[in-house]
>>> print(open('protein_8.cif').read())   # mmCIF, C-alpha atoms and all ligand atoms
data_coords
#
loop_
_atom_site.label_atom_id
_atom_site.label_comp_id
_atom_site.auth_asym_id
_atom_site.auth_seq_id
_atom_site.Cartn_x
_atom_site.Cartn_y
_atom_site.Cartn_z
CA MET W 1 -19.48 -6.88 6.18
CA LYS W 2 -17.08 -5.10 8.56
CA LYS W 3 -15.23 -2.09 7.21
CA ILE W 4 -11.50 -1.68 6.79
CA ALA W 5 -9.92 1.46 8.24
CA VAL W 6 -7.07 2.81 6.11
CA VAL W 7 -4.83 5.37 7.80
CA GLY W 8 -2.28 6.94 5.46
CA LYS W 9 -1.27 9.58 2.99
CA VAL W 10 -3.18 11.23 0.17
CA ASN W 11 -1.20 12.95 -2.58
CA ILE W 12 -1.62 14.33 -6.02
CA ASP W 13 0.95 12.36 -8.01
CA THR W 14 2.48 13.99 -11.08
CA PHE W 15 4.13 11.47 -13.40
CA ILE W 16 6.93 12.35 -15.78
CA HIS W 17 8.12 9.60 -18.14
CA VAL W 18 11.74 9.76 -19.32
CA GLU W 19 14.00 7.29 -21.14
CA LYS W 20 16.57 7.14 -18.35
CA LEU W 21 16.95 9.33 -15.26
CA GLU W 22 20.40 10.90 -14.89
CA TYR W 23 21.33 13.40 -12.17
CA GLY W 24 22.37 16.86 -13.41
CA ARG W 25 21.01 16.41 -16.97
CA ASN W 26 18.08 17.89 -18.90
CA HIS W 27 15.41 15.33 -19.79
CA LEU W 28 12.64 15.33 -22.37
CA SER W 29 9.40 13.76 -21.26
CA LYS W 30 6.94 12.21 -23.72
CA ARG W 31 4.23 11.61 -21.14
CA VAL W 32 3.13 13.74 -18.18
CA TYR W 33 -0.09 13.09 -16.24
CA THR W 34 -1.50 13.21 -12.73
CA ASP W 35 -3.34 10.72 -10.53
CA VAL W 36 -4.58 10.61 -6.96
CA GLY W 37 -1.94 8.78 -4.92
CA GLY W 38 -0.43 8.29 -1.49
CA LYS W 39 -0.27 4.82 0.07
CA GLY W 40 -3.41 5.45 2.13
CA ALA W 41 -5.46 6.60 -0.86
CA ASN W 42 -4.10 3.85 -3.11
CA THR W 43 -4.70 1.03 -0.62
CA ALA W 44 -8.23 2.27 0.15
CA ALA W 45 -8.91 2.53 -3.60
CA ALA W 46 -7.53 -0.97 -4.23
CA LEU W 47 -9.91 -2.38 -1.61
CA ALA W 48 -12.93 -0.42 -2.82
CA LYS W 49 -12.28 -1.46 -6.43
CA LEU W 50 -12.35 -5.10 -5.30
CA GLY W 51 -15.73 -4.48 -3.66
CA PHE W 52 -14.76 -3.95 0.00
CA GLU W 53 -15.77 -1.09 2.30
CA ALA W 54 -12.68 1.00 2.97
CA VAL W 55 -12.83 4.06 5.22
CA LEU W 56 -9.94 6.47 4.68
CA LEU W 57 -8.44 8.39 7.61
CA ALA W 58 -6.09 10.97 6.20
CA SER W 59 -5.41 14.68 5.91
CA VAL W 60 -5.76 16.81 2.78
CA GLY W 61 -5.57 20.56 2.21
CA SER W 62 -8.71 22.69 2.00
CA ASP W 63 -7.56 23.50 -1.54
CA SER W 64 -9.00 22.44 -4.88
CA SER W 65 -6.53 19.50 -5.08
CA GLY W 66 -7.78 18.12 -1.77
CA LYS W 67 -11.40 18.40 -2.83
CA SER W 68 -10.84 16.82 -6.23
CA ALA W 69 -8.73 14.01 -4.71
CA LEU W 70 -11.58 13.10 -2.36
CA LYS W 71 -14.13 13.33 -5.15
CA ARG W 72 -12.09 10.91 -7.25
CA LEU W 73 -11.65 8.50 -4.32
CA GLU W 74 -15.39 8.60 -3.59
CA LYS W 75 -16.03 7.76 -7.23
CA LEU W 76 -13.82 4.70 -6.80
CA GLY W 77 -15.96 3.70 -3.80
CA VAL W 78 -13.80 4.88 -0.88
CA ASP W 79 -15.56 6.31 2.19
CA THR W 80 -13.82 9.68 2.74
CA SER W 81 -16.19 10.99 5.44
CA LEU W 82 -13.47 10.81 8.15
CA VAL W 83 -10.77 12.66 6.19
CA ASN W 84 -9.41 15.74 7.94
CA PHE W 85 -8.95 19.10 6.14
CA SER W 86 -5.87 21.13 7.07
CA SER W 87 -4.58 24.60 6.23
CA SER W 88 -1.49 23.12 4.50
CA HIS W 89 -1.50 22.29 0.80
CA THR W 90 -2.58 18.81 -0.28
CA GLY W 91 0.41 16.44 -0.41
CA ARG W 92 2.21 16.21 -3.74
CA THR W 93 4.53 13.61 -5.17
CA PHE W 94 6.50 13.94 -8.38
CA VAL W 95 7.19 10.54 -9.90
CA VAL W 96 9.81 10.10 -12.60
CA VAL W 97 9.27 6.80 -14.45
CA ASP W 98 12.00 5.41 -16.73
CA ASN W 99 11.59 3.14 -19.75
CA GLN W 100 11.87 0.04 -17.51
CA GLY W 101 8.82 1.22 -15.51
CA GLN W 102 11.02 1.95 -12.46
CA ASN W 103 10.26 5.10 -10.47
CA THR W 104 12.07 7.82 -8.50
CA MET W 105 9.83 9.98 -6.27
CA PHE W 106 10.02 13.48 -4.80
CA HIS W 107 7.60 14.24 -1.97
CA ALA W 108 6.08 17.47 -0.64
CA LEU W 109 4.19 16.15 2.41
CA GLY W 110 1.93 19.17 2.98
CA ALA W 111 -1.31 18.22 4.73
CA ASN W 112 -0.11 14.66 5.38
CA LYS W 113 2.07 16.13 8.13
CA ASP W 114 -1.07 17.42 9.84
CA LEU W 115 -2.55 13.97 10.43
CA LEU W 116 -1.95 14.26 14.16
CA ALA W 117 -3.56 11.83 16.62
CA GLU W 118 -6.02 14.56 17.67
CA ASN W 119 -7.18 14.82 14.02
CA VAL W 120 -7.88 11.10 13.74
CA ASN W 121 -11.54 10.23 14.08
CA TRP W 122 -11.47 7.24 16.43
CA ILE W 123 -14.96 6.05 15.45
CA PHE W 124 -13.19 3.76 13.01
CA LEU W 125 -12.03 1.57 15.88
CA GLU W 126 -15.58 0.49 16.59
CA ASN W 127 -16.59 0.01 12.99
CA SER W 128 -13.67 -1.85 11.48
CA SER W 129 -12.19 -5.30 11.75
CA ILE W 130 -8.85 -4.59 10.08
CA VAL W 131 -6.79 -1.42 10.45
CA PHE W 132 -4.20 -0.56 7.79
CA VAL W 133 -1.56 2.02 8.75
CA GLN W 134 1.37 3.37 6.76
CA PHE W 135 4.47 4.72 8.47
CA GLY W 136 4.68 7.74 6.10
CA ILE W 137 2.25 9.70 8.30
CA PRO W 138 3.62 11.38 11.50
CA ILE W 139 5.07 8.48 13.45
CA GLU W 140 3.39 9.52 16.73
CA THR W 141 0.02 9.18 15.01
CA ALA W 142 0.97 5.82 13.51
CA ARG W 143 2.09 4.66 16.97
CA GLU W 144 -1.17 5.68 18.61
CA VAL W 145 -3.33 4.12 15.90
CA VAL W 146 -1.40 0.84 15.87
CA VAL W 147 -1.44 0.46 19.66
CA MET W 148 -5.10 1.49 20.08
CA ALA W 149 -6.23 -0.74 17.23
CA LYS W 150 -4.38 -3.75 18.60
CA ARG W 151 -5.68 -3.15 22.14
CA ASN W 152 -9.21 -3.01 20.71
CA GLY W 153 -8.80 -6.41 19.10
CA LYS W 154 -8.34 -5.27 15.49
CA THR W 155 -6.00 -6.94 13.02
CA VAL W 156 -3.22 -4.43 12.39
CA PHE W 157 -1.61 -4.35 8.91
CA VAL W 158 1.33 -1.95 8.44
CA ASP W 159 3.06 -0.73 5.29
CA PRO W 160 6.33 0.83 6.55
CA GLY W 161 6.82 2.85 3.33
CA GLY W 162 7.67 6.52 3.81
CA LEU W 163 9.12 6.16 7.33
CA GLU W 164 11.10 9.33 8.05
CA SER W 165 12.10 8.77 11.65
CA GLU W 166 14.16 6.14 13.47
CA VAL W 167 12.67 2.66 13.34
CA PRO W 168 9.85 2.63 15.95
CA PHE W 169 10.82 -0.69 17.55
CA ASP W 170 8.31 -0.21 20.38
CA ILE W 171 5.38 -0.45 17.93
CA LEU W 172 6.48 -3.68 16.27
CA PRO W 173 4.92 -6.09 18.84
CA PHE W 174 1.50 -4.49 18.19
CA ILE W 175 1.62 -5.29 14.45
CA ASP W 176 0.03 -8.45 13.09
CA ILE W 177 1.19 -8.10 9.47
CA ILE W 178 3.90 -5.89 8.00
CA ALA W 179 4.48 -5.49 4.25
CA PRO W 180 7.84 -3.87 3.39
CA ASN W 181 9.69 -3.99 0.09
CA GLU W 182 13.22 -5.38 0.21
CA SER W 183 14.99 -2.10 0.94
CA GLU W 184 12.45 -1.16 3.62
CA LEU W 185 12.91 -4.61 5.19
CA PHE W 186 16.70 -4.20 5.29
CA ALA W 187 16.38 -0.72 6.81
CA LEU W 188 13.87 -1.89 9.45
CA SER W 189 15.77 -5.01 10.45
CA GLY W 190 19.40 -4.01 9.89
CA LYS W 191 19.86 -7.34 8.06
CA ASP W 192 21.03 -7.90 4.50
CA THR W 193 18.96 -10.87 3.31
CA VAL W 194 15.20 -11.26 3.05
CA GLU W 195 15.13 -14.33 5.25
CA LYS W 196 17.26 -12.82 8.02
CA GLY W 197 15.29 -9.55 7.84
CA ALA W 198 11.90 -11.25 8.05
CA LYS W 199 13.01 -13.51 10.91
CA SER W 200 14.38 -10.54 12.80
CA LEU W 201 11.01 -8.73 12.58
CA ILE W 202 9.21 -11.89 13.69
CA SER W 203 11.53 -12.14 16.70
CA ARG W 204 10.41 -8.61 17.62
CA GLY W 205 6.79 -9.75 17.86
CA ILE W 206 5.30 -9.33 14.36
CA GLU W 207 3.27 -12.36 13.32
CA THR W 208 3.49 -12.20 9.52
CA VAL W 209 6.05 -10.49 7.29
CA LEU W 210 5.13 -10.00 3.63
CA VAL W 211 8.10 -8.97 1.49
CA LYS W 212 7.33 -7.23 -1.81
CA GLN W 213 10.11 -8.08 -4.23
CA GLY W 214 9.06 -6.36 -7.45
CA LYS W 215 9.86 -8.44 -10.55
CA LYS W 216 10.85 -11.35 -8.30
CA GLY W 217 7.35 -11.59 -6.75
CA ALA W 218 6.73 -11.73 -3.00
CA SER W 219 7.47 -13.85 0.06
CA LEU W 220 5.57 -14.53 3.26
CA TYR W 221 7.20 -15.43 6.58
CA THR W 222 5.71 -16.46 9.90
CA ALA W 223 7.43 -18.13 12.86
CA LYS W 224 6.37 -21.53 11.51
CA SER W 225 6.45 -21.28 7.72
CA SER W 226 7.56 -19.32 4.69
CA PHE W 227 6.75 -19.37 0.98
CA HIS W 228 7.34 -17.35 -2.16
CA PHE W 229 5.49 -16.59 -5.39
CA ASN W 230 7.17 -15.34 -8.53
CA ALA W 231 5.58 -12.35 -10.20
CA TYR W 232 3.51 -13.17 -13.29
CA ASN W 233 5.21 -12.48 -16.58
CA VAL W 234 3.58 -9.24 -17.79
CA ASN W 235 4.42 -6.10 -19.75
CA VAL W 236 5.57 -3.53 -17.15
CA VAL W 237 4.49 0.07 -17.83
CA ASP W 238 4.78 1.68 -14.38
CA THR W 239 5.49 -0.01 -11.04
CA THR W 240 4.28 2.95 -8.92
CA GLY W 241 1.43 1.92 -6.62
CA ALA W 242 1.81 -1.81 -7.35
CA GLY W 243 2.71 -2.39 -3.68
CA ASP W 244 -0.54 -0.69 -2.68
CA ALA W 245 -2.54 -2.90 -5.06
CA PHE W 246 -0.73 -5.80 -3.35
CA ASN W 247 -1.74 -4.53 0.13
CA GLY W 248 -5.39 -4.10 -0.89
CA ALA W 249 -5.68 -7.57 -2.41
CA PHE W 250 -3.98 -9.23 0.57
CA ILE W 251 -6.40 -7.53 2.98
CA ALA W 252 -9.34 -8.49 0.74
CA ALA W 253 -8.14 -12.10 0.83
CA MET W 254 -7.99 -11.96 4.64
CA ILE W 255 -11.60 -10.76 4.76
CA LEU W 256 -12.56 -13.62 2.46
CA LYS W 257 -10.78 -15.92 4.96
CA MET W 258 -8.33 -17.23 2.37
CA ASP W 259 -5.30 -19.01 3.78
CA PRO W 260 -2.02 -17.06 3.68
CA TYR W 261 -0.77 -19.02 0.64
CA ASP W 262 -3.78 -18.05 -1.51
CA ALA W 263 -3.78 -14.51 -0.09
CA LEU W 264 -0.16 -14.00 -1.17
CA LYS W 265 -0.89 -15.36 -4.63
CA LEU W 266 -3.90 -13.05 -5.01
CA ALA W 267 -1.81 -10.06 -3.89
CA VAL W 268 0.93 -10.90 -6.41
CA ALA W 269 -1.72 -11.22 -9.15
CA SER W 270 -3.17 -7.82 -8.24
CA ALA W 271 0.28 -6.17 -8.30
CA SER W 272 1.03 -7.84 -11.65
CA LEU W 273 -2.08 -6.17 -13.07
CA ALA W 274 -1.22 -2.78 -11.54
CA VAL W 275 2.24 -2.62 -13.15
CA GLN W 276 0.65 -2.94 -16.59
CA LYS W 277 -1.16 0.40 -16.19
CA LYS W 278 -0.01 3.94 -15.65
CA GLY W 279 -0.91 5.86 -12.50
CA THR W 280 -1.42 4.91 -8.87
CA SER W 281 -4.96 4.74 -7.45
CA SER W 282 -6.06 4.18 -11.06
CA SER W 283 -3.75 1.23 -11.67
CA SER W 284 -5.08 -1.34 -9.18
CA PRO W 285 -7.58 -3.79 -10.68
CA VAL W 286 -11.33 -3.89 -10.22
CA ARG W 287 -12.71 -7.26 -9.18
CA GLU W 288 -13.69 -8.32 -12.73
CA GLU W 289 -10.18 -7.56 -14.04
CA LEU W 290 -8.60 -9.61 -11.29
CA MET W 291 -11.00 -12.48 -11.94
CA GLY W 292 -10.33 -12.29 -15.70
CA PHE W 293 -6.56 -12.36 -15.08
CA LEU W 294 -6.82 -15.41 -12.79
CA LYS W 295 -8.93 -17.23 -15.40
CA GLU W 296 -6.49 -16.35 -18.17
CA ARG W 297 -3.55 -17.63 -16.08
CA GLY W 298 -5.32 -20.90 -15.19
CA GLU W 299 -5.71 -20.02 -11.50
CA ASP W 300 -9.18 -21.59 -11.28
CA ALA W 301 -8.92 -22.65 -7.63
CA LEU W 302 -8.01 -19.12 -6.57
CA LEU W 303 -10.70 -17.67 -8.80
CA LYS W 304 -13.36 -19.73 -7.01
CA LEU W 305 -12.24 -18.30 -3.66
CA LEU W 306 -12.75 -14.78 -4.95
CA ILE W 307 -16.40 -15.36 -5.77
CA MET W 308 -18.24 -14.20 -2.66
O1 LIG I 401 3.04 3.77 -3.16
C1 LIG I 401 2.97 4.74 -4.16
C2 LIG I 401 2.70 6.08 -3.57
O2 LIG I 401 3.82 6.53 -2.85
C3 LIG I 401 2.42 7.16 -4.59
O3 LIG I 401 1.07 7.26 -4.90
C4 LIG I 401 3.01 8.41 -3.98
O4 LIG I 401 2.06 9.37 -3.68
C5 LIG I 401 3.80 7.94 -2.76
O5 LIG I 401 3.24 8.28 -1.54
#
>>> encode(input="protein_8.cif", output="structure tokens")
Amino acid sequence: MKKIAVVGKVNIDTFIHVEKLEYGRNHLSKRVYTDVGGKGANTAAALAKLGFEAVLLASVGSDSSGKSALKRLEKLGVDTSLVNFSSSHTGRTFVVVDNQGQNTMFHALGANKDLLAENVNWIFLENSSIVFVQFGIPIETAREVVVMAKRNGKTVFVDPGGLESEVPFDILPFIDIIAPNESELFALSGKDTVEKGAKSLISRGIETVLVKQGKKGASLYTAKSSFHFNAYNVNVVDTTGAGDAFNGAFIAAMILKMDPYDALKLAVASASLAVQKKGTSSSSPVREELMGFLKERGEDALLKLLIM
């Protein structure tokens, strides 16, 4: 089976649970814990936990956090052999989760900023069929990876989360699939509805737009069709990382050659499982959990497609 290259951030996420977040107030937290996070790490972990070979291209500090993050990712099955070590500290994100499971994040990018094109090990281009890139890494690196991957015949999947620069319109025609949430879609497209936003990105050359809509589920748009799935009704504990579980499951479905309709449904199911758990790379489901969930929800046809 061909590998999937995942180019993105690695962080140590520190979670602080509060009743309600209010600016300028003191808050008591009943739960504080850490997890390995970052969209790159989480997406690679989501894929590995579903049984796919994910190679992570990222940058961590040469500190104890960087080493323990990689150890944890390796334990989850991620290939970390191409991760770069930098002299900056490992990226850190502080995540405040309220009693609705909604999050507010504070980022210290650290080593993620050092993922420059010259630090990317390009061997992945030969060994992978799908390349996942997140825009939260330095945008010049994202640009080079997206363009090179597309020119080398790879399927390019982008999560625009974490974009800090102007919208890189020149890269859009090199992207096969983009997966923003609603606010990212509006920022990228300058439009104020999901349909207008998705159509605008398609008119700029992107083939498929997947819109993550939280509690409302997700939608898929191409030039010829569009469809939507509601999220499953579940008990939400923490939504952080659910979009990364979604990315991983959608990519897994592509490798299994599922049609886009089934792939979207599988991705929504995976995100619905992730929101029921705390943490980020820890919250995406392993294959057996996803299969159990599909069985429980009567999704027998989809379940069959997941059996390789
Ligand atoms: O998508 C969730 C991730 O975003 C977290 O793990 C955090 O590190 C931020 O990068």
>>> atom_distance(input="protein_8.cif", atom1="CA of Lys39 (chain W)", atom2="CA of Gly248 (chain W)")
10.3 Å
>>> atom_distance(input="protein_8.cif", atom1="CA of Ile137 (chain W)", atom2="CA of Glu118 (chain W)")
13.4 Å
>>> residues_around(input="protein_8.cif", residues="Ser284 (chain W)", least_positions_apart="4", cutoff="7 Å", atoms="all atoms listed in the file", output="ChimeraX atom specification")
/W:46,245,270,273-274
>>> write_last_selection(input="protein_8.cif", atoms="C-alpha atoms", output="CSV table (one decimal), in the coordinates of the input")
chain,number,residue,atom,x,y,z
W,46,ALA,CA,-7.5,-1.0,-4.2
W,245,ALA,CA,-2.5,-2.9,-5.1
W,270,SER,CA,-3.2,-7.8,-8.2
W,273,LEU,CA,-2.1,-6.2,-13.1
W,274,ALA,CA,-1.2,-2.8,-11.5
>>> residues_around(input="protein_8.cif", residues="region 94-106 of chain W", least_positions_apart="5", cutoff="9 Å", atoms="only C-alpha atoms", output="ChimeraX atom specification")
/W:12-21,236-240,275
>>> closest_residue(input="protein_8.cif", among="W:Glu22, W:Asp262, W:Asp300, W:Glu74", to="Ala41 (chain W)", atoms="only C-alpha atoms")
W:Glu74
>>> residues_near_point(input="protein_8.cif", point="(17.6, -0.1, 14.7)", cutoff="7 Å", atoms="only C-alpha atoms", output="list in words")
Val167, Leu188, Ser189 and Gly190 of chain W
>>> write_last_selection(input="protein_8.cif", atoms="C-alpha atoms", output="short mmCIF file (atom, residue, chain, number, x, y, z; two decimals), keeping the file's coordinate frame")
data_model
loop_
_atom_site.label_atom_id
_atom_site.label_comp_id
_atom_site.auth_asym_id
_atom_site.auth_seq_id
_atom_site.Cartn_x
_atom_site.Cartn_y
_atom_site.Cartn_z
CA VAL W 167 12.67 2.66 13.34
CA LEU W 188 13.87 -1.89 9.45
CA SER W 189 15.77 -5.01 10.45
CA GLY W 190 19.40 -4.01 9.89
#
>>> residues_near_ligand(input="protein_8.cif", ligand="ligand LIG 401 (chain I)", cutoff="6 Å", atoms="all atoms listed in the file", output="PyMOL selection string")
chain W and resi 11+13+37-39+93+240-241+244+280
>>> closest_atom_pairs(input="protein_8.cif", of="region 118-228 of chain W", to="region 1-7 of chain W", cutoff="12 Å", atoms="all atoms listed in the file", output="tab-separated table")
residue	atom	partner	partner_atom	distance
W:Asn119	CA	W:Val7	CA	11.6
W:Val120	CA	W:Val7	CA	8.8
W:Asn121	CA	W:Val7	CA	10.4
W:Trp122	CA	W:Ala5	CA	10.1
W:Ile123	CA	W:Ala5	CA	9.9
W:Phe124	CA	W:Ala5	CA	6.2
W:Leu125	CA	W:Ala5	CA	7.9
W:Glu126	CA	W:Lys3	CA	9.7
W:Asn127	CA	W:Lys3	CA	6.3
W:Ser128	CA	W:Lys3	CA	4.6
W:Ser129	CA	W:Lys2	CA	5.8
W:Ile130	CA	W:Ile4	CA	5.1
W:Val131	CA	W:Ala5	CA	4.8
W:Phe132	CA	W:Val6	CA	4.7
W:Val133	CA	W:Val7	CA	4.8
W:Gln134	CA	W:Val7	CA	6.6
W:Phe135	CA	W:Val7	CA	9.3
W:Gly136	CA	W:Val7	CA	9.9
W:Ile137	CA	W:Val7	CA	8.3
W:Pro138	CA	W:Val7	CA	11.0
W:Ile139	CA	W:Val7	CA	11.8
W:Thr141	CA	W:Val7	CA	9.5
W:Ala142	CA	W:Val7	CA	8.2
W:Arg143	CA	W:Val7	CA	11.5
W:Glu144	CA	W:Val7	CA	11.4
W:Val145	CA	W:Val7	CA	8.3
W:Val146	CA	W:Val7	CA	9.9
W:Ala149	CA	W:Ala5	CA	10.0
W:Lys154	CA	W:Ile4	CA	9.9
W:Thr155	CA	W:Ile4	CA	9.8
W:Val156	CA	W:Ala5	CA	9.8
W:Phe157	CA	W:Val6	CA	9.4
W:Val158	CA	W:Val7	CA	9.6
W:Asp159	CA	W:Val7	CA	10.3
>>> atom_distance(input="protein_8.cif", atom1="CA of Phe229 (chain W)", atom2="CA of Val209 (chain W)")
14.1 Å
>>> residues_around(input="protein_8.cif", residues="Ala69 (chain W)", least_positions_apart="4", cutoff="7 Å", atoms="all atoms listed in the file", output="list in words")
Val36, Ser65 and Leu73 of chain W
>>> closest_residue(input="protein_8.cif", among="W:Val83, W:Thr43, W:Leu163, W:Met148", to="Ala271 (chain W)", atoms="only C-alpha atoms")
W:Thr43
>>> closest_residue(input="protein_8.cif", among="W:Leu201, W:Leu256, W:Ala44, W:Ala117", to="Glu184 (chain W)", atoms="only C-alpha atoms")
W:Leu201
>>> residues_around(input="protein_8.cif", residues="Ala231 (chain W)", least_positions_apart="5", cutoff="9 Å", atoms="only C-alpha atoms", output="ChimeraX atom specification")
/W:213-218,268-269,271-272
>>> residues_around(input="protein_8.cif", residues="Glu299 (chain W)", least_positions_apart="4", cutoff="12 Å", atoms="only C-alpha atoms", output="PyMOL selection string")
chain W and resi 232+262+265-266+269+290-295+303-306
>>> decode(input="protein_8.cif", residues="region 1-20 of chain W", atoms="N, CA, C and O atoms", output="compact mmCIF listing (two decimals), in the first residue's frame")
# COMPACT_ATOMS: atom_id res chain seq x y z
N MET W 1 0.84 -1.21 0.00
CA MET W 1 0.00 0.00 0.00
C MET W 1 0.88 1.26 0.00
O MET W 1 1.86 1.33 0.72
N LYS W 2 0.52 2.24 -0.85
CA LYS W 2 1.29 3.48 -0.90
C LYS W 2 1.12 4.26 0.40
O LYS W 2 0.07 4.20 1.05
N LYS W 3 2.13 5.04 0.75
CA LYS W 3 2.07 5.81 1.98
C LYS W 3 1.38 7.16 1.76
O LYS W 3 1.27 7.61 0.63
N ILE W 4 1.00 7.78 2.85
CA ILE W 4 0.42 9.12 2.79
C ILE W 4 1.41 10.05 3.47
O ILE W 4 1.83 9.81 4.61
N ALA W 5 1.80 11.12 2.76
CA ALA W 5 2.70 12.10 3.36
C ALA W 5 1.85 13.17 4.04
O ALA W 5 0.91 13.69 3.44
N VAL W 6 2.18 13.47 5.29
CA VAL W 6 1.42 14.46 6.06
C VAL W 6 2.38 15.58 6.45
O VAL W 6 3.32 15.35 7.21
N VAL W 7 2.15 16.76 5.90
CA VAL W 7 3.05 17.89 6.16
C VAL W 7 2.29 18.90 7.01
O VAL W 7 1.31 19.50 6.55
N GLY W 8 2.73 19.08 8.26
CA GLY W 8 1.97 20.00 9.12
C GLY W 8 2.61 20.16 10.49
O GLY W 8 3.74 19.74 10.72
N LYS W 9 1.83 20.75 11.38
CA LYS W 9 2.38 21.12 12.69
C LYS W 9 2.33 19.98 13.70
O LYS W 9 1.47 19.11 13.64
N VAL W 10 3.28 20.05 14.64
CA VAL W 10 3.26 19.20 15.83
C VAL W 10 3.30 20.13 17.04
O VAL W 10 4.14 21.04 17.09
N ASN W 11 2.40 19.93 17.96
CA ASN W 11 2.37 20.74 19.18
C ASN W 11 2.21 19.86 20.41
O ASN W 11 1.75 18.72 20.30
N ILE W 12 2.55 20.42 21.53
CA ILE W 12 2.07 19.84 22.79
C ILE W 12 0.85 20.69 23.16
O ILE W 12 0.96 21.91 23.29
N ASP W 13 -0.30 20.06 23.21
CA ASP W 13 -1.54 20.77 23.55
C ASP W 13 -1.80 20.66 25.05
O ASP W 13 -1.77 19.56 25.61
N THR W 14 -2.02 21.80 25.70
CA THR W 14 -2.42 21.79 27.11
C THR W 14 -3.88 22.21 27.18
O THR W 14 -4.25 23.29 26.70
N PHE W 15 -4.71 21.35 27.72
CA PHE W 15 -6.16 21.60 27.79
C PHE W 15 -6.54 22.11 29.17
O PHE W 15 -6.09 21.58 30.18
N ILE W 16 -7.39 23.12 29.19
CA ILE W 16 -7.90 23.67 30.44
C ILE W 16 -9.42 23.73 30.29
O ILE W 16 -9.93 24.44 29.41
N HIS W 17 -10.12 22.96 31.09
CA HIS W 17 -11.60 22.98 31.01
C HIS W 17 -12.18 24.00 31.97
O HIS W 17 -11.83 24.01 33.16
N VAL W 18 -13.04 24.88 31.46
CA VAL W 18 -13.72 25.87 32.31
C VAL W 18 -15.23 25.81 31.99
O VAL W 18 -15.63 25.27 30.96
N GLU W 19 -16.04 26.36 32.89
CA GLU W 19 -17.49 26.39 32.64
C GLU W 19 -17.78 27.22 31.40
O GLU W 19 -18.39 26.79 30.45
N LYS W 20 -17.29 28.49 31.46
CA LYS W 20 -17.56 29.44 30.38
C LYS W 20 -16.37 30.38 30.31
O LYS W 20 -15.93 30.87 31.37
